[in-house]
file run_33.txt (compact mmCIF, N, CA and C atoms)
# COMPACT_ATOMS: atom_id res chain seq x y z
N MET A 18 -12.68 -38.23 -31.99
CA MET A 18 -12.68 -37.41 -33.17
C MET A 18 -11.97 -36.08 -32.91
N ALA A 19 -12.24 -35.47 -31.75
CA ALA A 19 -11.62 -34.18 -31.43
C ALA A 19 -10.11 -34.32 -31.28
N LEU A 20 -9.66 -35.46 -30.76
CA LEU A 20 -8.22 -35.67 -30.60
C LEU A 20 -7.53 -35.72 -31.96
N LYS A 21 -8.17 -36.33 -32.95
CA LYS A 21 -7.60 -36.38 -34.30
C LYS A 21 -7.46 -34.98 -34.89
N VAL A 22 -8.44 -34.15 -34.64
CA VAL A 22 -8.40 -32.78 -35.16
C VAL A 22 -7.25 -32.01 -34.50
N VAL A 23 -7.10 -32.16 -33.21
CA VAL A 23 -6.04 -31.46 -32.49
C VAL A 23 -4.67 -31.92 -32.99
N ILE A 24 -4.50 -33.22 -33.16
CA ILE A 24 -3.23 -33.76 -33.65
C ILE A 24 -2.94 -33.25 -35.06
N THR A 25 -3.95 -33.22 -35.90
CA THR A 25 -3.78 -32.73 -37.27
C THR A 25 -3.36 -31.27 -37.28
N VAL A 26 -4.01 -30.45 -36.49
CA VAL A 26 -3.66 -29.03 -36.42
C VAL A 26 -2.23 -28.86 -35.90
N LEU A 27 -1.86 -29.63 -34.88
CA LEU A 27 -0.51 -29.52 -34.33
C LEU A 27 0.57 -29.94 -35.33
N LEU A 28 0.23 -30.87 -36.21
CA LEU A 28 1.20 -31.31 -37.21
C LEU A 28 1.28 -30.37 -38.40
N ILE A 29 0.16 -29.78 -38.79
CA ILE A 29 0.13 -28.96 -40.00
C ILE A 29 0.44 -27.49 -39.73
N ALA A 30 0.06 -26.97 -38.57
CA ALA A 30 0.22 -25.54 -38.27
C ALA A 30 1.67 -25.04 -38.40
N PRO A 31 2.67 -25.75 -37.87
CA PRO A 31 4.04 -25.24 -38.03
C PRO A 31 4.47 -25.15 -39.50
N LEU A 32 4.10 -26.15 -40.29
CA LEU A 32 4.46 -26.11 -41.70
C LEU A 32 3.74 -24.97 -42.41
N GLY A 33 2.47 -24.76 -42.09
CA GLY A 33 1.73 -23.66 -42.69
C GLY A 33 2.33 -22.31 -42.34
N LEU A 34 2.78 -22.16 -41.11
CA LEU A 34 3.42 -20.92 -40.70
C LEU A 34 4.72 -20.69 -41.46
N VAL A 35 5.54 -21.72 -41.55
CA VAL A 35 6.82 -21.59 -42.24
C VAL A 35 6.63 -21.31 -43.73
N MET A 36 5.66 -21.95 -44.35
CA MET A 36 5.43 -21.72 -45.78
C MET A 36 4.67 -20.42 -46.04
N GLY A 37 3.94 -19.91 -45.06
CA GLY A 37 3.14 -18.72 -45.27
C GLY A 37 3.84 -17.42 -44.94
N MET A 38 4.93 -17.44 -44.22
CA MET A 38 5.58 -16.21 -43.79
C MET A 38 6.46 -15.53 -44.84
N PRO A 39 7.08 -16.23 -45.78
CA PRO A 39 7.98 -15.53 -46.70
C PRO A 39 7.31 -14.43 -47.53
N PHE A 40 6.10 -14.63 -47.99
CA PHE A 40 5.47 -13.62 -48.86
C PHE A 40 5.20 -12.32 -48.12
N PRO A 41 4.54 -12.33 -46.94
CA PRO A 41 4.34 -11.05 -46.27
C PRO A 41 5.65 -10.40 -45.82
N THR A 42 6.61 -11.22 -45.42
CA THR A 42 7.91 -10.68 -45.02
C THR A 42 8.60 -10.04 -46.22
N GLY A 43 8.55 -10.73 -47.36
CA GLY A 43 9.13 -10.20 -48.59
C GLY A 43 8.45 -8.93 -49.05
N LEU A 44 7.13 -8.87 -48.91
CA LEU A 44 6.41 -7.65 -49.29
C LEU A 44 6.85 -6.47 -48.43
N GLY A 45 7.05 -6.70 -47.16
CA GLY A 45 7.52 -5.63 -46.28
C GLY A 45 8.89 -5.13 -46.68
N ARG A 46 9.78 -6.05 -46.98
CA ARG A 46 11.13 -5.66 -47.42
C ARG A 46 11.08 -4.96 -48.77
N LEU A 47 10.26 -5.47 -49.68
CA LEU A 47 10.16 -4.86 -51.00
C LEU A 47 9.58 -3.45 -50.92
N GLU A 48 8.62 -3.25 -50.03
CA GLU A 48 8.03 -1.91 -49.88
C GLU A 48 9.06 -0.90 -49.37
N GLU A 49 9.98 -1.37 -48.54
CA GLU A 49 11.06 -0.49 -48.07
C GLU A 49 12.03 -0.16 -49.19
N TRP A 50 12.34 -1.15 -50.04
CA TRP A 50 13.34 -0.97 -51.09
C TRP A 50 12.80 -0.24 -52.31
N HIS A 51 11.60 -0.65 -52.77
CA HIS A 51 11.05 -0.08 -54.00
C HIS A 51 9.53 -0.24 -54.01
N PRO A 52 8.81 0.72 -53.43
CA PRO A 52 7.35 0.61 -53.27
C PRO A 52 6.56 0.29 -54.55
N PRO A 53 6.92 0.85 -55.72
CA PRO A 53 6.12 0.51 -56.92
C PRO A 53 6.16 -0.97 -57.30
N SER A 54 7.16 -1.70 -56.84
CA SER A 54 7.28 -3.11 -57.20
C SER A 54 6.31 -4.01 -56.43
N VAL A 55 5.67 -3.47 -55.39
CA VAL A 55 4.75 -4.29 -54.59
C VAL A 55 3.58 -4.76 -55.46
N ARG A 56 3.10 -3.90 -56.35
CA ARG A 56 2.01 -4.31 -57.26
C ARG A 56 2.44 -5.49 -58.12
N TRP A 57 3.67 -5.45 -58.62
CA TRP A 57 4.17 -6.55 -59.44
C TRP A 57 4.27 -7.84 -58.61
N ALA A 58 4.68 -7.69 -57.37
CA ALA A 58 4.80 -8.87 -56.51
C ALA A 58 3.45 -9.54 -56.30
N TRP A 59 2.41 -8.73 -56.08
CA TRP A 59 1.07 -9.29 -55.91
C TRP A 59 0.61 -9.97 -57.20
N SER A 60 0.90 -9.36 -58.34
CA SER A 60 0.51 -9.95 -59.63
C SER A 60 1.23 -11.27 -59.87
N LEU A 61 2.53 -11.29 -59.60
CA LEU A 61 3.29 -12.52 -59.79
C LEU A 61 2.83 -13.61 -58.82
N ASN A 62 2.47 -13.23 -57.60
CA ASN A 62 1.96 -14.20 -56.64
C ASN A 62 0.66 -14.82 -57.14
N ALA A 63 -0.23 -13.99 -57.67
CA ALA A 63 -1.51 -14.52 -58.19
C ALA A 63 -1.28 -15.46 -59.37
N ALA A 64 -0.41 -15.05 -60.29
CA ALA A 64 -0.13 -15.91 -61.45
C ALA A 64 0.53 -17.21 -61.02
N ALA A 65 1.47 -17.14 -60.09
CA ALA A 65 2.15 -18.35 -59.62
C ALA A 65 1.19 -19.28 -58.88
N SER A 66 0.22 -18.71 -58.19
CA SER A 66 -0.76 -19.54 -57.48
C SER A 66 -1.60 -20.33 -58.46
N VAL A 67 -2.03 -19.68 -59.52
CA VAL A 67 -2.85 -20.37 -60.52
C VAL A 67 -2.02 -21.40 -61.27
N LEU A 68 -0.87 -20.98 -61.77
CA LEU A 68 -0.03 -21.90 -62.54
C LEU A 68 0.52 -23.03 -61.66
N GLY A 69 0.83 -22.72 -60.40
CA GLY A 69 1.35 -23.74 -59.50
C GLY A 69 0.34 -24.82 -59.18
N SER A 70 -0.92 -24.42 -58.98
CA SER A 70 -1.93 -25.44 -58.68
C SER A 70 -2.20 -26.33 -59.89
N VAL A 71 -2.23 -25.73 -61.07
CA VAL A 71 -2.41 -26.54 -62.29
C VAL A 71 -1.19 -27.42 -62.52
N GLY A 72 -0.01 -26.86 -62.32
CA GLY A 72 1.22 -27.64 -62.48
C GLY A 72 1.32 -28.80 -61.50
N ALA A 73 0.89 -28.56 -60.26
CA ALA A 73 0.91 -29.64 -59.26
C ALA A 73 -0.06 -30.75 -59.64
N LEU A 74 -1.20 -30.38 -60.16
CA LEU A 74 -2.19 -31.38 -60.59
C LEU A 74 -1.64 -32.23 -61.73
N VAL A 75 -1.05 -31.56 -62.71
CA VAL A 75 -0.49 -32.29 -63.86
C VAL A 75 0.68 -33.18 -63.41
N CYS A 76 1.55 -32.64 -62.56
CA CYS A 76 2.67 -33.45 -62.07
C CYS A 76 2.20 -34.65 -61.27
N SER A 77 1.19 -34.46 -60.44
CA SER A 77 0.73 -35.58 -59.63
C SER A 77 0.08 -36.66 -60.48
N ILE A 78 -0.57 -36.27 -61.58
CA ILE A 78 -1.17 -37.27 -62.47
C ILE A 78 -0.10 -38.06 -63.20
N TYR A 79 0.91 -37.35 -63.73
CA TYR A 79 1.90 -38.02 -64.56
C TYR A 79 3.11 -38.55 -63.80
N LEU A 80 3.47 -37.93 -62.66
CA LEU A 80 4.67 -38.35 -61.94
C LEU A 80 4.37 -39.07 -60.63
N GLY A 81 3.25 -38.72 -60.00
CA GLY A 81 2.90 -39.29 -58.71
C GLY A 81 2.98 -38.23 -57.62
N LEU A 82 2.34 -38.54 -56.49
CA LEU A 82 2.26 -37.56 -55.41
C LEU A 82 3.60 -37.31 -54.72
N ILE A 83 4.37 -38.34 -54.50
CA ILE A 83 5.65 -38.17 -53.80
C ILE A 83 6.59 -37.31 -54.64
N GLN A 84 6.68 -37.58 -55.93
CA GLN A 84 7.54 -36.78 -56.80
C GLN A 84 7.06 -35.33 -56.87
N THR A 85 5.75 -35.13 -56.85
CA THR A 85 5.21 -33.77 -56.88
C THR A 85 5.58 -33.03 -55.60
N LEU A 86 5.52 -33.69 -54.46
CA LEU A 86 5.92 -33.06 -53.20
C LEU A 86 7.41 -32.73 -53.20
N ILE A 87 8.22 -33.61 -53.75
CA ILE A 87 9.66 -33.35 -53.83
C ILE A 87 9.93 -32.15 -54.72
N ILE A 88 9.27 -32.08 -55.86
CA ILE A 88 9.45 -30.94 -56.78
C ILE A 88 9.02 -29.64 -56.09
N GLY A 89 7.89 -29.67 -55.40
CA GLY A 89 7.43 -28.48 -54.66
C GLY A 89 8.43 -28.05 -53.60
N GLY A 90 8.99 -29.01 -52.89
CA GLY A 90 10.01 -28.69 -51.89
C GLY A 90 11.25 -28.08 -52.50
N LEU A 91 11.64 -28.58 -53.68
CA LEU A 91 12.80 -28.01 -54.37
C LEU A 91 12.54 -26.57 -54.81
N PHE A 92 11.30 -26.28 -55.21
CA PHE A 92 10.96 -24.90 -55.55
C PHE A 92 11.05 -23.99 -54.32
N TYR A 93 10.61 -24.48 -53.17
CA TYR A 93 10.73 -23.68 -51.95
C TYR A 93 12.20 -23.46 -51.60
N LEU A 94 13.04 -24.47 -51.75
CA LEU A 94 14.47 -24.30 -51.48
C LEU A 94 15.12 -23.33 -52.45
N ALA A 95 14.72 -23.37 -53.71
CA ALA A 95 15.25 -22.42 -54.70
C ALA A 95 14.85 -20.99 -54.34
N ALA A 96 13.60 -20.81 -53.93
CA ALA A 96 13.15 -19.47 -53.52
C ALA A 96 13.92 -18.99 -52.29
N LEU A 97 14.18 -19.90 -51.35
CA LEU A 97 14.95 -19.55 -50.16
C LEU A 97 16.37 -19.13 -50.54
N ALA A 98 16.96 -19.82 -51.50
CA ALA A 98 18.31 -19.47 -51.95
C ALA A 98 18.34 -18.08 -52.59
N VAL A 99 17.32 -17.75 -53.37
CA VAL A 99 17.26 -16.43 -54.00
C VAL A 99 17.11 -15.35 -52.94
N VAL A 100 16.22 -15.57 -51.98
CA VAL A 100 16.00 -14.59 -50.93
C VAL A 100 17.26 -14.44 -50.07
N GLY A 101 17.95 -15.53 -49.83
CA GLY A 101 19.17 -15.47 -49.04
C GLY A 101 20.27 -14.67 -49.71
N ARG A 102 20.25 -14.60 -51.02
CA ARG A 102 21.27 -13.83 -51.75
C ARG A 102 20.90 -12.37 -51.91
N ALA A 103 19.66 -12.01 -51.76
CA ALA A 103 19.22 -10.62 -51.95
C ALA A 103 19.65 -9.76 -50.77
N ARG A 104 20.29 -8.67 -51.06
CA ARG A 104 20.75 -7.74 -50.04
C ARG A 104 20.35 -6.33 -50.45
N PRO A 105 19.89 -5.51 -49.50
CA PRO A 105 19.60 -4.11 -49.84
C PRO A 105 20.89 -3.37 -50.15
N ASN A 106 20.83 -2.50 -51.13
CA ASN A 106 22.01 -1.76 -51.54
C ASN A 106 21.58 -0.33 -51.81
N ALA A 107 21.92 0.57 -50.92
CA ALA A 107 21.50 1.96 -51.06
C ALA A 107 22.18 2.64 -52.23
N ALA A 108 23.35 2.17 -52.68
CA ALA A 108 24.08 2.81 -53.77
C ALA A 108 23.33 2.68 -55.09
N THR A 109 22.51 1.65 -55.27
CA THR A 109 21.78 1.46 -56.52
C THR A 109 20.33 1.90 -56.39
N SER A 110 20.08 2.84 -55.48
CA SER A 110 18.72 3.29 -55.22
C SER A 110 18.12 3.97 -56.45
N PRO A 111 16.90 3.54 -56.89
CA PRO A 111 16.28 4.17 -58.04
C PRO A 111 15.77 5.57 -57.74
N HIS A 112 15.48 5.86 -56.47
CA HIS A 112 14.97 7.17 -56.06
C HIS A 112 15.71 7.60 -54.81
N PRO A 113 15.97 8.89 -54.65
CA PRO A 113 16.63 9.33 -53.42
C PRO A 113 15.82 8.95 -52.18
N GLY A 114 16.50 8.47 -51.19
CA GLY A 114 15.83 8.13 -49.94
C GLY A 114 15.29 6.71 -49.88
N THR A 115 15.37 5.95 -50.98
CA THR A 115 14.93 4.57 -50.96
C THR A 115 16.11 3.68 -51.30
N ALA A 116 16.01 2.44 -50.95
CA ALA A 116 17.09 1.50 -51.22
C ALA A 116 16.68 0.57 -52.35
N GLY A 117 17.65 0.15 -53.15
CA GLY A 117 17.39 -0.80 -54.23
C GLY A 117 17.72 -2.20 -53.77
N VAL A 118 17.49 -3.17 -54.62
CA VAL A 118 17.80 -4.55 -54.34
C VAL A 118 18.94 -4.98 -55.23
N ALA A 119 20.00 -5.49 -54.65
CA ALA A 119 21.14 -5.99 -55.41
C ALA A 119 21.43 -7.40 -54.93
N LEU A 120 21.68 -8.30 -55.85
CA LEU A 120 22.02 -9.67 -55.47
C LEU A 120 23.46 -9.70 -54.99
N ALA A 121 23.70 -10.43 -53.92
CA ALA A 121 25.04 -10.55 -53.37
C ALA A 121 25.93 -11.31 -54.34
N LYS A 122 27.19 -10.97 -54.36
CA LYS A 122 28.12 -11.64 -55.27
C LYS A 122 28.87 -12.72 -54.54

call {"tool": "encode", "arguments": {"input": "run_33.txt", "output": "structure tokens"}}
result
Amino acid sequence: MALKVVITVLLIAPLGLVMGMPFPTGLGRLEEWHPPSVRWAWSLNAAASVLGSVGALVCSIYLGLIQTLIIGGLFYLAALAVVGRARPNAATSPHPGTAGVALAK
């Protein structure tokens, strides 16, 4: 029984780390660029968590589990693409001494 638990943790832990790191990393970057937006980020995260869990349940009922996992993976790839395009841009700073966020062209 203990071996199964160890194997499960070894298989799930890397994925949990990879999926769990973008939000705190993004919050750190956002706080450097525009501190007032951190509150909005927390609010959007809470709303997305609620809507995402309900959406996953509905998708799994009507589409199936494999399709739901594929859709979830596509959402993670889309988020990665957005983050990959975001670059700090001091020229568009909303306040002196802070940097704004500008999407790369």

call {"tool": "select_by_dssp", "arguments": {"input": "run_33.txt", "residues": "segment 19-120 of chain A", "states": "strand (DSSP E or B)", "output": "list in words"}}
result
Ala103, Arg104, Pro105, Asn106, Gly117, Val118, Ala119 and Leu120 of chain A

call {"tool": "residues_around", "arguments": {"input": "run_33.txt", "residues": "Met36 of chain A", "least_positions_apart": "6", "cutoff": "12 Å", "atoms": "only C-alpha atoms", "output": "ChimeraX atom specification"}}
result
/A:29-30,42,89-90,92-94,96-97

call {"tool": "closest_residue", "arguments": {"input": "run_33.txt", "among": "A:Arg102, A:Thr85, A:Leu61, A:Val22", "to": "Ala73 of chain A", "atoms": "only C-alpha atoms"}}
result
A:Thr85

call {"tool": "atom_distance", "arguments": {"input": "run_33.txt", "atom1": "atom CA of Ala65 of chain A", "atom2": "atom CA of Pro41 of chain A"}}
result
15.4 Å

call {"tool": "atom_distance", "arguments": {"input": "run_33.txt", "atom1": "atom CA of Leu28 of chain A", "atom2": "atom CA of Arg46 of chain A"}}
result
29.3 Å

call {"tool": "atom_distance", "arguments": {"input": "run_33.txt", "atom1": "atom N of Trp59 of chain A", "atom2": "atom N of Ile88 of chain A"}}
result
24.3 Å

call {"tool": "select_by_dssp", "arguments": {"input": "run_33.txt", "residues": "segment 70-108 of chain A", "states": "helix (DSSP H, G or I)", "output": "MDAnalysis selection string"}}
result
chainID A and resid 70:79 82:102 107:108

call {"tool": "build_atoms", "arguments": {"input": "run_33.txt", "residues": "segment 76-102 of chain A", "atoms": "N, CA, C and O atoms", "output": "PDB file, in the coordinates of the input"}}
result
ATOM      1  N   CYS A  76       1.550 -32.640 -62.560  1.00  0.00           N
ATOM      2  CA  CYS A  76       2.670 -33.450 -62.070  1.00  0.00           C
ATOM      3  C   CYS A  76       2.200 -34.650 -61.270  1.00  0.00           C
ATOM      4  O   CYS A  76       2.752 -35.745 -61.414  1.00  0.00           O
ATOM      5  N   SER A  77       1.190 -34.460 -60.440  1.00  0.00           N
ATOM      6  CA  SER A  77       0.730 -35.580 -59.630  1.00  0.00           C
ATOM      7  C   SER A  77       0.080 -36.660 -60.480  1.00  0.00           C
ATOM      8  O   SER A  77       0.177 -37.845 -60.167  1.00  0.00           O
ATOM      9  N   ILE A  78      -0.570 -36.270 -61.580  1.00  0.00           N
ATOM     10  CA  ILE A  78      -1.170 -37.270 -62.470  1.00  0.00           C
ATOM     11  C   ILE A  78      -0.100 -38.060 -63.200  1.00  0.00           C
ATOM     12  O   ILE A  78      -0.159 -39.289 -63.286  1.00  0.00           O
ATOM     13  N   TYR A  79       0.910 -37.350 -63.730  1.00  0.00           N
ATOM     14  CA  TYR A  79       1.900 -38.020 -64.560  1.00  0.00           C
ATOM     15  C   TYR A  79       3.110 -38.550 -63.800  1.00  0.00           C
ATOM     16  O   TYR A  79       3.738 -39.521 -64.236  1.00  0.00           O
ATOM     17  N   LEU A  80       3.470 -37.930 -62.660  1.00  0.00           N
ATOM     18  CA  LEU A  80       4.670 -38.350 -61.940  1.00  0.00           C
ATOM     19  C   LEU A  80       4.370 -39.070 -60.630  1.00  0.00           C
ATOM     20  O   LEU A  80       5.161 -39.870 -60.169  1.00  0.00           O
ATOM     21  N   GLY A  81       3.250 -38.720 -60.000  1.00  0.00           N
ATOM     22  CA  GLY A  81       2.900 -39.290 -58.710  1.00  0.00           C
ATOM     23  C   GLY A  81       2.980 -38.230 -57.620  1.00  0.00           C
ATOM     24  O   GLY A  81       3.600 -37.178 -57.776  1.00  0.00           O
ATOM     25  N   LEU A  82       2.340 -38.540 -56.490  1.00  0.00           N
ATOM     26  CA  LEU A  82       2.260 -37.560 -55.410  1.00  0.00           C
ATOM     27  C   LEU A  82       3.600 -37.310 -54.720  1.00  0.00           C
ATOM     28  O   LEU A  82       3.934 -36.167 -54.401  1.00  0.00           O
ATOM     29  N   ILE A  83       4.370 -38.340 -54.500  1.00  0.00           N
ATOM     30  CA  ILE A  83       5.650 -38.170 -53.800  1.00  0.00           C
ATOM     31  C   ILE A  83       6.590 -37.310 -54.640  1.00  0.00           C
ATOM     32  O   ILE A  83       7.219 -36.377 -54.117  1.00  0.00           O
ATOM     33  N   GLN A  84       6.680 -37.580 -55.930  1.00  0.00           N
ATOM     34  CA  GLN A  84       7.540 -36.780 -56.800  1.00  0.00           C
ATOM     35  C   GLN A  84       7.060 -35.330 -56.870  1.00  0.00           C
ATOM     36  O   GLN A  84       7.877 -34.401 -56.905  1.00  0.00           O
ATOM     37  N   THR A  85       5.750 -35.130 -56.850  1.00  0.00           N
ATOM     38  CA  THR A  85       5.210 -33.770 -56.880  1.00  0.00           C
ATOM     39  C   THR A  85       5.580 -33.030 -55.600  1.00  0.00           C
ATOM     40  O   THR A  85       5.956 -31.851 -55.646  1.00  0.00           O
ATOM     41  N   LEU A  86       5.520 -33.690 -54.460  1.00  0.00           N
ATOM     42  CA  LEU A  86       5.920 -33.060 -53.200  1.00  0.00           C
ATOM     43  C   LEU A  86       7.410 -32.730 -53.200  1.00  0.00           C
ATOM     44  O   LEU A  86       7.813 -31.673 -52.707  1.00  0.00           O
ATOM     45  N   ILE A  87       8.220 -33.610 -53.750  1.00  0.00           N
ATOM     46  CA  ILE A  87       9.660 -33.350 -53.830  1.00  0.00           C
ATOM     47  C   ILE A  87       9.930 -32.150 -54.720  1.00  0.00           C
ATOM     48  O   ILE A  87      10.736 -31.270 -54.372  1.00  0.00           O
ATOM     49  N   ILE A  88       9.270 -32.080 -55.860  1.00  0.00           N
ATOM     50  CA  ILE A  88       9.450 -30.940 -56.780  1.00  0.00           C
ATOM     51  C   ILE A  88       9.020 -29.640 -56.090  1.00  0.00           C
ATOM     52  O   ILE A  88       9.700 -28.612 -56.191  1.00  0.00           O
ATOM     53  N   GLY A  89       7.890 -29.670 -55.400  1.00  0.00           N
ATOM     54  CA  GLY A  89       7.430 -28.480 -54.660  1.00  0.00           C
ATOM     55  C   GLY A  89       8.430 -28.050 -53.600  1.00  0.00           C
ATOM     56  O   GLY A  89       8.717 -26.859 -53.445  1.00  0.00           O
ATOM     57  N   GLY A  90       8.990 -29.010 -52.890  1.00  0.00           N
ATOM     58  CA  GLY A  90      10.010 -28.690 -51.890  1.00  0.00           C
ATOM     59  C   GLY A  90      11.250 -28.080 -52.500  1.00  0.00           C
ATOM     60  O   GLY A  90      11.847 -27.155 -51.944  1.00  0.00           O
ATOM     61  N   LEU A  91      11.640 -28.580 -53.680  1.00  0.00           N
ATOM     62  CA  LEU A  91      12.800 -28.010 -54.370  1.00  0.00           C
ATOM     63  C   LEU A  91      12.540 -26.570 -54.810  1.00  0.00           C
ATOM     64  O   LEU A  91      13.443 -25.726 -54.745  1.00  0.00           O
ATOM     65  N   PHE A  92      11.300 -26.280 -55.210  1.00  0.00           N
ATOM     66  CA  PHE A  92      10.960 -24.900 -55.550  1.00  0.00           C
ATOM     67  C   PHE A  92      11.050 -23.990 -54.320  1.00  0.00           C
ATOM     68  O   PHE A  92      11.534 -22.855 -54.417  1.00  0.00           O
ATOM     69  N   TYR A  93      10.610 -24.480 -53.170  1.00  0.00           N
ATOM     70  CA  TYR A  93      10.730 -23.680 -51.950  1.00  0.00           C
ATOM     71  C   TYR A  93      12.200 -23.460 -51.600  1.00  0.00           C
ATOM     72  O   TYR A  93      12.594 -22.364 -51.183  1.00  0.00           O
ATOM     73  N   LEU A  94      13.040 -24.470 -51.750  1.00  0.00           N
ATOM     74  CA  LEU A  94      14.470 -24.300 -51.480  1.00  0.00           C
ATOM     75  C   LEU A  94      15.120 -23.330 -52.450  1.00  0.00           C
ATOM     76  O   LEU A  94      15.978 -22.522 -52.053  1.00  0.00           O
ATOM     77  N   ALA A  95      14.720 -23.370 -53.710  1.00  0.00           N
ATOM     78  CA  ALA A  95      15.250 -22.420 -54.700  1.00  0.00           C
ATOM     79  C   ALA A  95      14.850 -20.990 -54.340  1.00  0.00           C
ATOM     80  O   ALA A  95      15.665 -20.067 -54.418  1.00  0.00           O
ATOM     81  N   ALA A  96      13.600 -20.810 -53.930  1.00  0.00           N
ATOM     82  CA  ALA A  96      13.150 -19.470 -53.520  1.00  0.00           C
ATOM     83  C   ALA A  96      13.920 -18.990 -52.290  1.00  0.00           C
ATOM     84  O   ALA A  96      14.293 -17.819 -52.203  1.00  0.00           O
ATOM     85  N   LEU A  97      14.180 -19.900 -51.350  1.00  0.00           N
ATOM     86  CA  LEU A  97      14.950 -19.550 -50.160  1.00  0.00           C
ATOM     87  C   LEU A  97      16.370 -19.130 -50.540  1.00  0.00           C
ATOM     88  O   LEU A  97      16.921 -18.181 -49.986  1.00  0.00           O
ATOM     89  N   ALA A  98      16.960 -19.820 -51.500  1.00  0.00           N
ATOM     90  CA  ALA A  98      18.310 -19.470 -51.950  1.00  0.00           C
ATOM     91  C   ALA A  98      18.340 -18.080 -52.590  1.00  0.00           C
ATOM     92  O   ALA A  98      19.268 -17.298 -52.351  1.00  0.00           O
ATOM     93  N   VAL A  99      17.320 -17.750 -53.370  1.00  0.00           N
ATOM     94  CA  VAL A  99      17.260 -16.430 -54.000  1.00  0.00           C
ATOM     95  C   VAL A  99      17.110 -15.350 -52.940  1.00  0.00           C
ATOM     96  O   VAL A  99      17.789 -14.322 -52.976  1.00  0.00           O
ATOM     97  N   VAL A 100      16.220 -15.570 -51.980  1.00  0.00           N
ATOM     98  CA  VAL A 100      16.000 -14.590 -50.930  1.00  0.00           C
ATOM     99  C   VAL A 100      17.260 -14.440 -50.070  1.00  0.00           C
ATOM    100  O   VAL A 100      17.609 -13.337 -49.654  1.00  0.00           O
ATOM    101  N   GLY A 101      17.950 -15.530 -49.830  1.00  0.00           N
ATOM    102  CA  GLY A 101      19.170 -15.470 -49.040  1.00  0.00           C
ATOM    103  C   GLY A 101      20.270 -14.670 -49.710  1.00  0.00           C
ATOM    104  O   GLY A 101      21.112 -14.086 -49.038  1.00  0.00           O
ATOM    105  N   ARG A 102      20.250 -14.600 -51.020  1.00  0.00           N
ATOM    106  CA  ARG A 102      21.270 -13.830 -51.750  1.00  0.00           C
ATOM    107  C   ARG A 102      20.900 -12.370 -51.910  1.00  0.00           C
ATOM    108  O   ARG A 102      21.761 -11.556 -52.217  1.00  0.00           O
TER     109      ARG A 102
END
